[in-house]
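> Contents of my_file_34.txt (compact mmCIF, C-alpha atoms and all ligand atoms) are below:
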```
# COMPACT_ATOMS: atom_id res chain seq x y z
CA MET A 20 63.32 118.88 88.77
CA LYS A 21 60.99 116.36 90.43
CA ILE A 22 58.28 117.45 92.88
CA LEU A 23 56.39 115.04 95.12
CA CYS A 24 52.98 116.07 96.55
CA VAL A 25 51.95 114.44 99.82
CA SER A 26 48.74 115.29 101.66
CA THR A 27 46.15 113.81 103.98
CA SER A 28 43.84 112.41 101.30
CA LEU A 29 44.26 110.98 97.81
CA THR A 30 41.95 113.61 96.36
CA GLU A 31 43.86 116.46 97.93
CA GLN A 32 47.26 115.29 96.84
CA SER A 33 46.04 114.72 93.27
CA THR A 34 44.60 118.24 93.25
CA TRP A 35 47.88 119.81 94.42
CA ARG A 36 49.81 117.64 91.91
CA ASP A 37 47.64 118.84 89.01
CA LEU A 38 47.76 122.49 90.07
CA LEU A 39 51.55 122.47 90.56
CA ALA A 40 52.09 120.61 87.27
CA ALA A 41 50.14 123.35 85.49
CA ALA A 42 52.12 126.10 87.24
CA LEU A 43 55.52 124.44 86.70
CA PRO A 44 55.43 122.76 83.26
CA GLN A 45 59.22 122.34 83.35
CA ALA A 46 58.96 120.06 86.43
CA GLU A 47 57.88 116.44 86.80
CA VAL A 48 55.16 116.55 89.47
CA VAL A 49 53.98 113.31 91.07
CA ALA A 50 51.66 112.39 93.93
CA TRP A 51 52.61 110.13 96.84
CA GLN A 52 50.05 107.45 95.97
CA ASP A 53 51.21 107.22 92.33
CA ASN A 54 54.09 104.94 93.22
CA ALA A 55 54.86 102.91 96.31
CA SER A 56 58.63 103.03 95.72
CA ALA A 57 61.07 105.91 96.13
CA GLN A 58 60.49 108.75 93.68
CA ASP A 59 63.91 110.37 94.28
CA ALA A 60 62.15 113.74 94.33
CA ASP A 61 64.06 117.02 94.77
CA ILE A 62 61.18 118.81 96.48
CA ALA A 63 58.28 117.59 98.62
CA VAL A 64 55.12 119.71 98.88
CA VAL A 65 53.31 118.42 101.95
CA TRP A 66 50.49 118.67 104.47
CA LYS A 67 50.82 116.29 107.43
CA PRO A 68 52.86 113.69 105.49
CA PRO A 69 53.30 110.09 106.70
CA VAL A 70 56.45 109.06 108.60
CA ALA A 71 57.40 106.91 105.58
CA LEU A 72 58.06 110.00 103.45
CA PHE A 73 61.45 110.69 104.99
CA GLU A 74 62.33 106.99 105.18
CA ARG A 75 61.72 106.58 101.47
CA GLU A 76 62.75 109.89 99.91
CA ARG A 77 66.47 110.35 100.50
CA LYS A 78 67.27 112.97 97.85
CA LEU A 79 64.99 115.79 99.01
CA ARG A 80 66.53 119.26 98.90
CA ALA A 81 63.60 121.09 100.56
CA VAL A 82 60.09 120.60 101.90
CA PHE A 83 57.34 123.13 101.20
CA ASN A 84 54.49 123.06 103.73
CA LEU A 85 50.95 123.54 102.38
CA GLY A 86 49.99 125.51 105.50
CA ALA A 87 51.35 128.13 107.88
CA GLY A 88 51.80 125.87 110.92
CA VAL A 89 54.62 123.33 110.85
CA ASP A 90 53.99 121.59 114.20
CA ALA A 91 52.79 118.31 112.59
CA LEU A 92 55.72 118.27 110.19
CA LEU A 93 58.35 118.97 112.83
CA ALA A 94 56.94 116.15 114.99
CA ILE A 95 57.74 113.49 112.38
CA PRO A 96 60.52 111.18 113.54
CA GLY A 97 63.19 110.84 110.89
CA LEU A 98 62.76 114.37 109.51
CA PRO A 99 66.34 115.19 108.54
CA ALA A 100 67.70 117.96 110.79
CA ASP A 101 69.28 119.92 107.97
CA LEU A 102 66.44 119.70 105.44
CA PRO A 103 65.09 123.21 104.75
CA ILE A 104 61.39 123.59 105.51
CA VAL A 105 59.49 126.44 103.91
CA ARG A 106 56.07 127.33 105.29
CA LEU A 107 53.17 129.17 103.70
CA GLU A 108 53.22 132.91 104.43
CA ASP A 109 49.80 134.57 104.29
CA ALA A 110 48.74 133.41 100.79
CA GLY A 111 45.27 134.83 101.47
CA MET A 112 45.01 133.43 105.00
CA GLY A 113 45.51 136.81 106.72
CA ALA A 114 42.29 138.22 105.23
CA GLN A 115 40.37 135.07 106.23
CA MET A 116 41.69 135.30 109.79
CA ALA A 117 40.72 138.96 109.98
CA GLU A 118 37.19 138.14 108.78
CA TYR A 119 36.87 135.31 111.29
CA VAL A 120 37.98 137.41 114.26
CA VAL A 121 35.93 140.45 113.29
CA HIS A 122 32.86 138.20 113.00
CA ALA A 123 33.39 136.60 116.43
CA LEU A 124 34.30 139.88 118.12
CA VAL A 125 31.37 141.84 116.68
CA ARG A 126 28.95 139.02 117.44
CA ALA A 127 29.98 139.23 121.11
CA SER A 128 30.37 143.00 121.46
CA ARG A 129 27.24 144.00 119.50
CA ARG A 130 25.31 141.17 121.21
CA PHE A 131 24.06 139.60 117.98
CA ASP A 132 23.31 136.31 119.74
CA ASP A 133 20.97 138.22 122.07
CA TYR A 134 19.21 139.67 119.02
CA GLU A 135 18.92 136.13 117.56
CA ALA A 136 17.27 135.01 120.82
CA GLN A 137 14.98 138.05 120.67
CA GLN A 138 13.95 137.20 117.12
CA ARG A 139 13.05 133.67 118.20
CA ALA A 140 10.88 135.25 120.95
CA ARG A 141 9.41 137.88 118.52
CA GLN A 142 10.85 140.65 120.69
CA TRP A 143 11.73 144.14 119.39
CA ARG A 144 14.14 145.53 121.98
CA PRO A 145 17.19 147.66 121.11
CA LEU A 146 20.06 146.97 123.55
CA PRO A 147 22.41 149.65 124.97
CA GLU A 148 24.98 151.26 122.68
CA LEU A 149 28.42 149.68 122.26
CA ASP A 150 31.39 151.33 123.98
CA ARG A 151 34.43 149.80 122.25
CA ARG A 152 36.69 150.85 125.14
CA GLN A 153 34.95 148.09 127.11
CA TRP A 154 36.19 145.49 124.57
CA PRO A 155 40.01 145.60 124.49
CA VAL A 156 41.34 142.89 122.17
CA GLY A 157 44.65 141.08 122.71
CA VAL A 158 46.36 139.08 119.98
CA LEU A 159 48.75 136.31 121.06
CA GLY A 160 51.26 135.92 118.21
CA MET A 161 51.86 138.97 116.06
CA GLY A 162 53.35 137.26 113.03
CA VAL A 163 52.09 137.22 109.47
CA LEU A 164 48.49 136.40 110.48
CA GLY A 165 48.25 137.99 113.93
CA ALA A 166 49.40 141.37 112.64
CA GLN A 167 46.64 141.40 110.01
CA VAL A 168 44.01 140.50 112.57
CA ALA A 169 45.24 143.25 114.91
CA ARG A 170 45.15 145.81 112.09
CA ALA A 171 41.60 144.87 111.06
CA VAL A 172 40.28 145.07 114.61
CA ALA A 173 42.08 148.36 115.30
CA GLY A 174 40.55 149.72 112.10
CA LEU A 175 37.11 149.24 113.65
CA GLY A 176 38.09 151.31 116.68
CA TYR A 177 38.66 148.58 119.28
CA PRO A 178 41.72 149.02 121.55
CA VAL A 179 44.25 146.36 120.47
CA ALA A 180 47.47 144.96 121.94
CA GLY A 181 49.77 142.25 120.64
CA TRP A 182 52.06 139.76 122.38
CA SER A 183 55.05 138.13 120.73
CA ARG A 184 58.50 136.86 121.62
CA GLY A 185 60.38 139.88 120.35
CA GLY A 186 57.67 142.53 120.76
CA ARG A 187 58.51 144.04 117.37
CA ALA A 188 55.96 146.72 116.48
CA THR A 189 54.30 145.70 113.21
CA GLU A 190 51.39 148.12 113.20
CA ALA A 191 51.15 151.74 114.30
CA GLY A 192 48.78 152.25 117.23
CA ILE A 193 48.99 148.66 118.46
CA GLU A 194 50.52 148.35 121.90
CA MET A 195 53.13 145.57 121.99
CA TYR A 196 54.07 143.23 124.84
CA ALA A 197 57.15 140.99 124.60
CA GLY A 198 57.95 137.64 126.18
CA SER A 199 56.70 135.76 129.21
CA ASP A 200 57.49 138.57 131.69
CA ALA A 201 55.01 140.83 129.89
CA LEU A 202 52.26 138.21 129.55
CA PRO A 203 50.41 139.03 132.83
CA ALA A 204 50.17 142.75 131.97
CA PHE A 205 48.96 141.88 128.46
CA LEU A 206 46.28 139.52 129.82
CA ARG A 207 45.10 141.94 132.50
CA ARG A 208 44.23 144.60 129.88
CA THR A 209 42.51 142.11 127.51
CA ARG A 210 38.85 141.15 127.28
CA VAL A 211 38.80 139.39 123.89
CA LEU A 212 41.81 137.10 123.59
CA VAL A 213 42.75 135.91 120.08
CA ASN A 214 45.30 133.11 119.79
CA LEU A 215 47.50 133.04 116.69
CA LEU A 216 50.65 131.50 118.13
CA PRO A 217 52.48 128.62 116.49
CA LEU A 218 52.33 125.36 118.44
CA THR A 219 55.75 124.83 120.04
CA ARG A 220 57.13 123.50 123.30
CA GLY A 221 56.91 127.08 124.61
CA THR A 222 53.26 127.66 123.68
CA GLU A 223 51.50 124.31 124.23
CA GLY A 224 48.83 124.65 126.94
CA ILE A 225 49.25 128.43 127.12
CA LEU A 226 45.45 128.91 127.25
CA CYS A 227 44.81 127.48 130.71
CA ARG A 228 43.27 128.42 134.05
CA ALA A 229 46.37 130.36 135.15
CA THR A 230 46.39 132.60 132.08
CA LEU A 231 42.69 132.84 131.20
CA SER A 232 41.74 133.82 134.74
CA GLN A 233 43.91 136.95 134.43
CA LEU A 234 41.72 138.36 131.62
CA LEU A 235 39.24 141.18 132.23
CA PRO A 236 35.79 140.08 133.45
CA GLN A 237 33.31 138.77 130.87
CA ALA A 238 36.17 137.72 128.61
CA HIS A 239 35.84 135.91 125.29
CA LEU A 240 38.44 133.49 123.88
CA ILE A 241 38.99 133.08 120.14
CA ASN A 242 41.34 130.14 119.45
CA ILE A 243 42.25 129.87 115.77
CA ALA A 244 45.78 128.48 116.06
CA ARG A 245 46.01 124.93 117.42
CA GLY A 246 43.86 122.83 119.78
CA GLN A 247 46.89 121.91 121.90
CA HIS A 248 47.22 125.54 122.96
CA LEU A 249 44.08 125.17 125.08
CA VAL A 250 43.78 123.06 128.22
CA GLU A 251 40.25 122.06 127.20
CA GLU A 252 39.14 120.84 130.63
CA ASP A 253 39.79 124.32 132.08
CA LEU A 254 37.42 126.17 129.75
CA LEU A 255 33.89 125.28 130.87
CA PRO A 256 34.70 125.55 134.63
CA LEU A 257 36.09 129.06 134.00
CA MET A 258 32.81 129.94 132.30
CA ASP A 259 30.75 128.39 135.10
CA GLU A 260 32.70 130.55 137.57
CA GLY A 261 31.83 133.64 135.50
CA ARG A 262 35.44 134.43 134.54
CA LEU A 263 34.82 133.91 130.82
CA SER A 264 31.53 134.54 129.07
CA GLY A 265 32.19 132.77 125.78
CA ALA A 266 34.61 131.13 123.40
CA THR A 267 34.89 130.78 119.66
CA LEU A 268 36.97 127.73 118.79
CA ASP A 269 38.20 126.62 115.38
CA VAL A 270 40.80 124.08 116.51
CA PHE A 271 40.74 121.19 118.98
CA ARG A 272 43.05 118.65 120.58
CA GLN A 273 41.23 115.95 118.65
CA GLU A 274 39.95 116.77 115.16
CA PRO A 275 37.24 116.11 114.14
CA LEU A 276 35.90 117.03 117.59
CA PRO A 277 34.45 113.75 119.01
CA PRO A 278 30.61 113.66 119.04
CA GLY A 279 30.47 113.32 122.84
CA HIS A 280 32.68 116.34 123.56
CA PRO A 281 30.96 118.81 125.95
CA PHE A 282 31.89 121.81 123.75
CA TRP A 283 29.34 120.74 121.10
CA THR A 284 26.30 121.42 123.24
CA ASP A 285 27.42 124.36 125.39
CA PRO A 286 25.63 127.51 124.19
CA ARG A 287 28.58 129.67 125.29
CA VAL A 288 30.90 127.91 122.85
CA THR A 289 30.88 128.50 119.09
CA ILE A 290 32.58 125.81 117.02
CA THR A 291 33.95 125.78 113.48
CA PRO A 292 35.79 122.82 111.87
CA HIS A 293 39.36 124.19 111.45
CA ILE A 294 38.40 126.57 108.66
CA ALA A 295 39.43 129.94 110.12
CA ALA A 296 41.87 130.26 107.22
CA ILE A 297 42.19 127.58 104.58
CA SER A 298 45.06 127.22 102.11
CA LEU A 299 43.53 128.80 99.01
CA GLN A 300 44.48 126.93 95.84
CA ARG A 301 45.49 129.81 93.55
CA GLU A 302 47.42 131.81 96.15
CA THR A 303 49.11 128.71 97.58
CA VAL A 304 50.26 127.38 94.22
CA GLU A 305 51.48 130.84 93.10
CA GLN A 306 53.53 131.26 96.28
CA ILE A 307 54.96 127.75 96.43
CA SER A 308 55.78 127.51 92.73
CA SER A 309 57.63 130.83 92.65
CA LYS A 310 59.56 129.89 95.80
CA ILE A 311 60.47 126.47 94.38
CA LEU A 312 61.90 128.14 91.27
CA ALA A 313 63.87 130.65 93.38
CA PHE A 314 65.15 127.88 95.66
CA MET A 315 66.28 125.74 92.74
CA ARG A 316 68.13 128.76 91.28
CA GLY A 317 69.98 129.02 94.60
CA GLU A 318 68.25 132.25 95.65
CA ALA A 319 67.14 133.04 99.21
CA VAL A 320 63.47 132.39 99.97
CA THR A 321 61.41 133.71 102.88
CA GLY A 322 59.37 131.54 105.23
CA ILE A 323 62.18 129.12 106.14
CA VAL A 324 61.36 127.53 109.50
CA GLU A 325 63.88 128.04 112.27
CA ARG A 326 64.11 124.56 113.74
CA GLY A 327 65.50 125.74 117.09
CA ARG A 328 62.50 127.91 117.88
CA GLY A 329 59.95 125.56 116.24
CA TYR A 330 58.25 128.01 113.83
P1 LIG B 401 54.23 133.46 112.31
O1 LIG B 401 55.39 132.53 112.46
O2 LIG B 401 54.29 134.49 111.23
O3 LIG B 401 53.97 134.23 113.69
C1 LIG B 401 54.14 133.63 114.92
C2 LIG B 401 54.03 134.70 116.01
O4 LIG B 401 54.02 134.06 117.27
C3 LIG B 401 55.26 135.66 116.02
O5 LIG B 401 54.82 136.97 116.32
C4 LIG B 401 56.10 135.12 117.17
O6 LIG B 401 56.92 136.08 117.83
C5 LIG B 401 55.02 134.64 118.12
N1 LIG B 401 55.54 133.62 119.05
C6 LIG B 401 56.02 132.38 118.77
N2 LIG B 401 56.40 131.75 119.88
C7 LIG B 401 56.16 132.61 120.91
C8 LIG B 401 56.34 132.55 122.31
N3 LIG B 401 56.86 131.46 122.89
N4 LIG B 401 55.99 133.63 123.04
C9 LIG B 401 55.48 134.73 122.47
N5 LIG B 401 55.28 134.85 121.12
C10 LIG B 401 55.62 133.80 120.36
O7 LIG B 401 52.94 132.53 112.14
P2 LIG B 401 51.59 132.82 111.32
O8 LIG B 401 51.05 134.13 111.78
O9 LIG B 401 51.80 132.62 109.88
O10 LIG B 401 50.66 131.61 111.83
C11 LIG B 401 50.35 131.45 113.20
C12 LIG B 401 49.67 130.10 113.45
O11 LIG B 401 48.33 130.13 113.00
C13 LIG B 401 50.25 128.90 112.71
O12 LIG B 401 51.43 128.41 113.35
C14 LIG B 401 49.11 127.90 112.76
O13 LIG B 401 49.21 127.08 113.90
C15 LIG B 401 47.87 128.79 112.88
N6 LIG B 401 47.00 128.67 111.71
C16 LIG B 401 45.72 128.20 111.86
C17 LIG B 401 44.86 128.11 110.79
C18 LIG B 401 43.43 127.72 110.96
O14 LIG B 401 42.70 127.59 109.98
N7 LIG B 401 42.94 127.57 112.16
C19 LIG B 401 45.31 128.46 109.44
C20 LIG B 401 46.65 128.98 109.38
C21 LIG B 401 47.45 129.05 110.48
P3 LIG B 401 58.10 136.87 117.05
O15 LIG B 401 57.38 137.81 116.10
O16 LIG B 401 58.81 137.61 118.12
O17 LIG B 401 58.89 135.81 116.34
C1 LIG B 402 47.74 126.02 108.77
C2 LIG B 402 46.44 125.43 109.02
O1 LIG B 402 48.60 125.97 109.66
O2 LIG B 402 45.68 125.24 108.06
O3 LIG B 402 47.95 126.59 107.68
O4 LIG B 402 46.09 125.13 110.16
```
Could the structure of this file be written out as structure tokens, please?
Ligand code: NDP
Ligand code: OXD


Amino acid sequence: MKILCVSTSLTEQSTWRDLLAAALPQAEVVAWQDNASAQDADIAVVWKPPVALFERERKLRAVFNLGAGVDALLAIPGLPADLPIVRLEDAGMGAQMAEYVVHALVRASRRFDDYEAQQRARQWRPLPELDRRQWPVGVLGMGVLGAQVARAVAGLGYPVAGWSRGGRATEAGIEMYAGSDALPAFLRRTRVLVNLLPLTRGTEGILCRATLSQLLPQAHLINIARGQHLVEEDLLPLMDEGRLSGATLDVFRQEPLPPGHPFWTDPRVTITPHIAAISLQRETVEQISSKILAFMRGEAVTGIVERGRGY
């Protein structure tokens, strides 16, 4: 069995090659930069591979994605329509997402930025108690990651609802809304909106004036899925109009976020550099290597992307 690792930097793809070679001693594991000619690999393990991958490698039997989101991969021209794509499922990302959202939510609801300002002014002034009923959280996308975020937030006593295509209940006590007809009702009961949708034709631009202005007053947006979900030019005007009070953003239309972008300097916006949940080395290699073995034995594996729906 031959496995080809392809990633966005030479260092990264060498790291994945070495880790996979250690986990799968029976396989020949190579990195994309090792050879400029076709490797005739059976399996590609990729993160945002170049277009040339599918022009050069004609014997691939499956592609394993080194992340949860497959939008970049599916956008590659020449990706064979029948090539199975297997995405990362959780692999330690759910816990990271839960931590990220709890941090942003609690910072807003417990007014920790006000306390930071008070410290700078040497002020000792307890603020009014928190009533969690005033902070209903809504999670867009209740898949592997969204469900864990919803559970963590519900565990702290915040009212939580989820929105998905099918509306399947994944967690007890979390109110579910299904499909576009239910989106307005979901938004109208939500103050803190968390986005964990995959980027597809149906979800691009979903965070825009029309949707965000339906949220409860003093709303806060937490976007940890993809930058293309947000119509960026709508965000600051909505804040200026008092419809939203803040946003915590991990993903952007252009990454790295350009130095002149107005989000950098707006005190209502908190920025992180696409780190809400990273692909952890041990968990990722364990999951991908055991799935590769199962796939090569002809067994069913989970996490196969449905091309028609785009995730
Ligand atoms: P899943 O595929 O497990 O879940 C996707 C969820 O979105 C499902 O609940 C699905 O509904 C719902 N959904 C999809 N399309 C629609 C739609 N048109 N309308 C309503 N609901 C929809 O994905 P994951 O939870 O594993 O990952 C989610 C995303 O998080 C990734 O695609 C990626 O973009 C992002 N991500 C970001 C990271 C970061 O560091 N910032 C790290 C990892 C992931 P249904 O259940 O009915 O199918
Ligand atoms: C992912 C990501 O999709 O890192 O896994 O964004």

> Any idea what's packed within 6 Å of A:Leu215, counting all atoms listed in the file, ignoring anything in its chain fewer than 2 positions away? Could you give it as JSON, numbers by chain?

{"A": [159, 160, 165, 244]}

> Show me, as a Markdown table, the residues of chain A having an atom within 9 Å of ligand LIG 402 (chain B), each with the closest atom pair and its distance in Å, using only C-alpha atoms and all ligand atoms.


```
| residue | atom | partner | partner_atom | distance |
| --- | --- | --- | --- | --- |
| A:Trp66 | CA | B:LIG402 | O2 | 8.9 |
| A:Asn84 | CA | B:LIG402 | O3 | 8.4 |
| A:Leu85 | CA | B:LIG402 | O3 | 6.8 |
| A:Gly86 | CA | B:LIG402 | O3 | 3.2 |
| A:Ala87 | CA | B:LIG402 | O3 | 3.7 |
| A:Gly88 | CA | B:LIG402 | O1 | 3.4 |
| A:Val89 | CA | B:LIG402 | O1 | 6.7 |
| A:Asp90 | CA | B:LIG402 | O1 | 8.3 |
| A:Arg106 | CA | B:LIG402 | O3 | 8.5 |
| A:Leu107 | CA | B:LIG402 | O3 | 7.1 |
| A:Glu108 | CA | B:LIG402 | O3 | 8.8 |
| A:Asp109 | CA | B:LIG402 | O3 | 8.9 |
| A:Met112 | CA | B:LIG402 | O3 | 7.9 |
| A:Pro217 | CA | B:LIG402 | O1 | 8.3 |
| A:Ile243 | CA | B:LIG402 | O4 | 8.3 |
| A:Ala244 | CA | B:LIG402 | O4 | 6.8 |
| A:Arg245 | CA | B:LIG402 | O4 | 7.3 |
| A:Val270 | CA | B:LIG402 | O4 | 8.3 |
| A:His293 | CA | B:LIG402 | O4 | 6.9 |
| A:Ile294 | CA | B:LIG402 | O2 | 7.4 |
| A:Ala295 | CA | B:LIG402 | O2 | 8.1 |
| A:Ala296 | CA | B:LIG402 | O2 | 6.4 |
| A:Ile297 | CA | B:LIG402 | O2 | 5.5 |
| A:Ser298 | CA | B:LIG402 | O2 | 6.3 |
```

> Take the residues just selected and output them with C-alpha atoms as an mmCIF file, in the coordinates of the input.


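Heads up, here's the output in again23.cif:
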```cif
data_model
loop_
_atom_site.group_PDB
_atom_site.id
_atom_site.type_symbol
_atom_site.label_atom_id
_atom_site.label_comp_id
_atom_site.auth_asym_id
_atom_site.auth_seq_id
_atom_site.Cartn_x
_atom_site.Cartn_y
_atom_site.Cartn_z
ATOM 1 C CA TRP A 66 50.490 118.670 104.470
ATOM 2 C CA ASN A 84 54.490 123.060 103.730
ATOM 3 C CA LEU A 85 50.950 123.540 102.380
ATOM 4 C CA GLY A 86 49.990 125.510 105.500
ATOM 5 C CA ALA A 87 51.350 128.130 107.880
ATOM 6 C CA GLY A 88 51.800 125.870 110.920
ATOM 7 C CA VAL A 89 54.620 123.330 110.850
ATOM 8 C CA ASP A 90 53.990 121.590 114.200
ATOM 9 C CA ARG A 106 56.070 127.330 105.290
ATOM 10 C CA LEU A 107 53.170 129.170 103.700
ATOM 11 C CA GLU A 108 53.220 132.910 104.430
ATOM 12 C CA ASP A 109 49.800 134.570 104.290
ATOM 13 C CA MET A 112 45.010 133.430 105.000
ATOM 14 C CA PRO A 217 52.480 128.620 116.490
ATOM 15 C CA ILE A 243 42.250 129.870 115.770
ATOM 16 C CA ALA A 244 45.780 128.480 116.060
ATOM 17 C CA ARG A 245 46.010 124.930 117.420
ATOM 18 C CA VAL A 270 40.800 124.080 116.510
ATOM 19 C CA HIS A 293 39.360 124.190 111.450
ATOM 20 C CA ILE A 294 38.400 126.570 108.660
ATOM 21 C CA ALA A 295 39.430 129.940 110.120
ATOM 22 C CA ALA A 296 41.870 130.260 107.220
ATOM 23 C CA ILE A 297 42.190 127.580 104.580
ATOM 24 C CA SER A 298 45.060 127.220 102.110
#
```

> Tell me, as an mmCIF file with C-alpha atoms, in the coordinates of the input, which residues lie within 12 Å of A:Asp259, counting only C-alpha atoms; anything in the same chain fewer than 6 positions away does not count.


```cif
data_model
loop_
_atom_site.group_PDB
_atom_site.id
_atom_site.type_symbol
_atom_site.label_atom_id
_atom_site.label_comp_id
_atom_site.auth_asym_id
_atom_site.auth_seq_id
_atom_site.Cartn_x
_atom_site.Cartn_y
_atom_site.Cartn_z
ATOM 1 C CA GLN A 237 33.310 138.770 130.870
ATOM 2 C CA ASP A 253 39.790 124.320 132.080
ATOM 3 C CA GLY A 265 32.190 132.770 125.780
ATOM 4 C CA ASP A 285 27.420 124.360 125.390
ATOM 5 C CA ARG A 287 28.580 129.670 125.290
#
```

> Hey, can you check how far atom CA of A:Leu72 sits from atom CA of A:Thr303?

21.6 Å

> Skipping near chain neighbours, those fewer than 4 positions away, what residues fall within 12 Å of A:Lys21 using all atoms listed in the file, listed as a PyMOL selection string?

chain A and resi 36+39-40+43-50+57-64+76+78-81+311-312+315

> Would you put the residues from that selection into a file with C-alpha atoms, as a PDB file, in the coordinates of the input?


```pdb
ATOM      1  CA  ARG A  36      49.810 117.640  91.910  1.00  0.00           C
ATOM      2  CA  LEU A  39      51.550 122.470  90.560  1.00  0.00           C
ATOM      3  CA  ALA A  40      52.090 120.610  87.270  1.00  0.00           C
ATOM      4  CA  LEU A  43      55.520 124.440  86.700  1.00  0.00           C
ATOM      5  CA  PRO A  44      55.430 122.760  83.260  1.00  0.00           C
ATOM      6  CA  GLN A  45      59.220 122.340  83.350  1.00  0.00           C
ATOM      7  CA  ALA A  46      58.960 120.060  86.430  1.00  0.00           C
ATOM      8  CA  GLU A  47      57.880 116.440  86.800  1.00  0.00           C
ATOM      9  CA  VAL A  48      55.160 116.550  89.470  1.00  0.00           C
ATOM     10  CA  VAL A  49      53.980 113.310  91.070  1.00  0.00           C
ATOM     11  CA  ALA A  50      51.660 112.390  93.930  1.00  0.00           C
ATOM     12  CA  ALA A  57      61.070 105.910  96.130  1.00  0.00           C
ATOM     13  CA  GLN A  58      60.490 108.750  93.680  1.00  0.00           C
ATOM     14  CA  ASP A  59      63.910 110.370  94.280  1.00  0.00           C
ATOM     15  CA  ALA A  60      62.150 113.740  94.330  1.00  0.00           C
ATOM     16  CA  ASP A  61      64.060 117.020  94.770  1.00  0.00           C
ATOM     17  CA  ILE A  62      61.180 118.810  96.480  1.00  0.00           C
ATOM     18  CA  ALA A  63      58.280 117.590  98.620  1.00  0.00           C
ATOM     19  CA  VAL A  64      55.120 119.710  98.880  1.00  0.00           C
ATOM     20  CA  GLU A  76      62.750 109.890  99.910  1.00  0.00           C
ATOM     21  CA  LYS A  78      67.270 112.970  97.850  1.00  0.00           C
ATOM     22  CA  LEU A  79      64.990 115.790  99.010  1.00  0.00           C
ATOM     23  CA  ARG A  80      66.530 119.260  98.900  1.00  0.00           C
ATOM     24  CA  ALA A  81      63.600 121.090 100.560  1.00  0.00           C
ATOM     25  CA  ILE A 311      60.470 126.470  94.380  1.00  0.00           C
ATOM     26  CA  LEU A 312      61.900 128.140  91.270  1.00  0.00           C
ATOM     27  CA  MET A 315      66.280 125.740  92.740  1.00  0.00           C
TER      28      MET A 315
END
```

> Could you tell me how far atom CA of A:Val125 sits from atom CA of A:His248, in Å to one decimal place?

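Taking atom CA of A:His248 as the start and atom CA of A:Val125 as the end point, the length is 23.6 Å.
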
> Residues within 10 Å of A:Leu29, please, as a list in words. Count all atoms listed in the file; anything in the same chain fewer than 5 positions from it doesn't count.

Thr34, Ala50, Trp51, Gln52 and Asp53 of chain A

> So that I have them on file, write out the residues from the current selection with C-alpha atoms, as a PDB file, in the coordinates of the input.


```
ATOM      1  CA  THR A  34      44.600 118.240  93.250  1.00  0.00           C
ATOM      2  CA  ALA A  50      51.660 112.390  93.930  1.00  0.00           C
ATOM      3  CA  TRP A  51      52.610 110.130  96.840  1.00  0.00           C
ATOM      4  CA  GLN A  52      50.050 107.450  95.970  1.00  0.00           C
ATOM      5  CA  ASP A  53      51.210 107.220  92.330  1.00  0.00           C
TER       6      ASP A  53
END
```

> Could you give me, as a Markdown table, every stretch 197-311 of chain A residue with an atom at most 12 Å from stretch 134-151 of chain A, plus its closest atom pair and distance in Å to one decimal, counting only C-alpha atoms, rows ordered by chain then number?


```
| residue | atom | partner | partner_atom | distance |
| --- | --- | --- | --- | --- |
| A:Arg210 | CA | A:Arg151 | CA | 10.9 |
| A:Val211 | CA | A:Arg151 | CA | 11.4 |
| A:Pro286 | CA | A:Ala136 | CA | 11.7 |
```

> Find the residue from A:Leu254, A:Leu240, A:Val163, A:Leu38 that sits nearest to ligand LIG 401 (chain B); use all atoms listed in the file when measuring.

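Smallest distance to ligand LIG 401 (chain B) is found for A:Val163.
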
> Around (49.8, 116.8, 108.3), as given in the file, which residues come within 8 Å? Count all atoms listed in the file and list them as a PyMOL selection string.

chain A and resi 26-27+65-69+91-92

> Return the single residue from A:Arg130, A:Arg152, A:Arg220, A:Arg272 that is closest to ligand LIG 401 (chain B), with distances computed using all atoms listed in the file.

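Counting all atoms listed in the file, the residue closest to ligand LIG 401 (chain B) is A:Arg220.
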
> Rounded to one decimal in Å, what is the spacing between atom CA of A:Ser264 and atom CA of A:Ile225?

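Computing it gives 18.8 Å between the two atoms.
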
> My list of candidates is A:Gly174, A:Gly329, A:Pro203, A:Pro96. Which is closest to ligand LIG 401 (chain B) when distances are computed with only C-alpha atoms and all ligand atoms?

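When distances to ligand LIG 401 (chain B) are compared using only C-alpha atoms and all ligand atoms, the smallest one comes from A:Gly329.
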
> The centre and edge lengths of an axis-aligned box containing all atoms of ligand LIG 401 (chain B) present in the file, extended by 4 Å on each side, are to be given in Å to one decimal, as AutoDock Vina command-line options.


```
--center_x 50.8 --center_y 132.4 --center_z 116.2 --size_x 24.2 --size_y 18.7 --size_z 21.7
```

> Might you pull out every residue within 6 Å of stretch 206-209 of chain A, with all atoms listed in the file counted and same-chain residues fewer than 2 positions away left off, and present them as a list in words?

Pro155, Val156, Gly157, Pro203, Ala204, Val211, Gln233, Leu234 and Leu235 of chain A
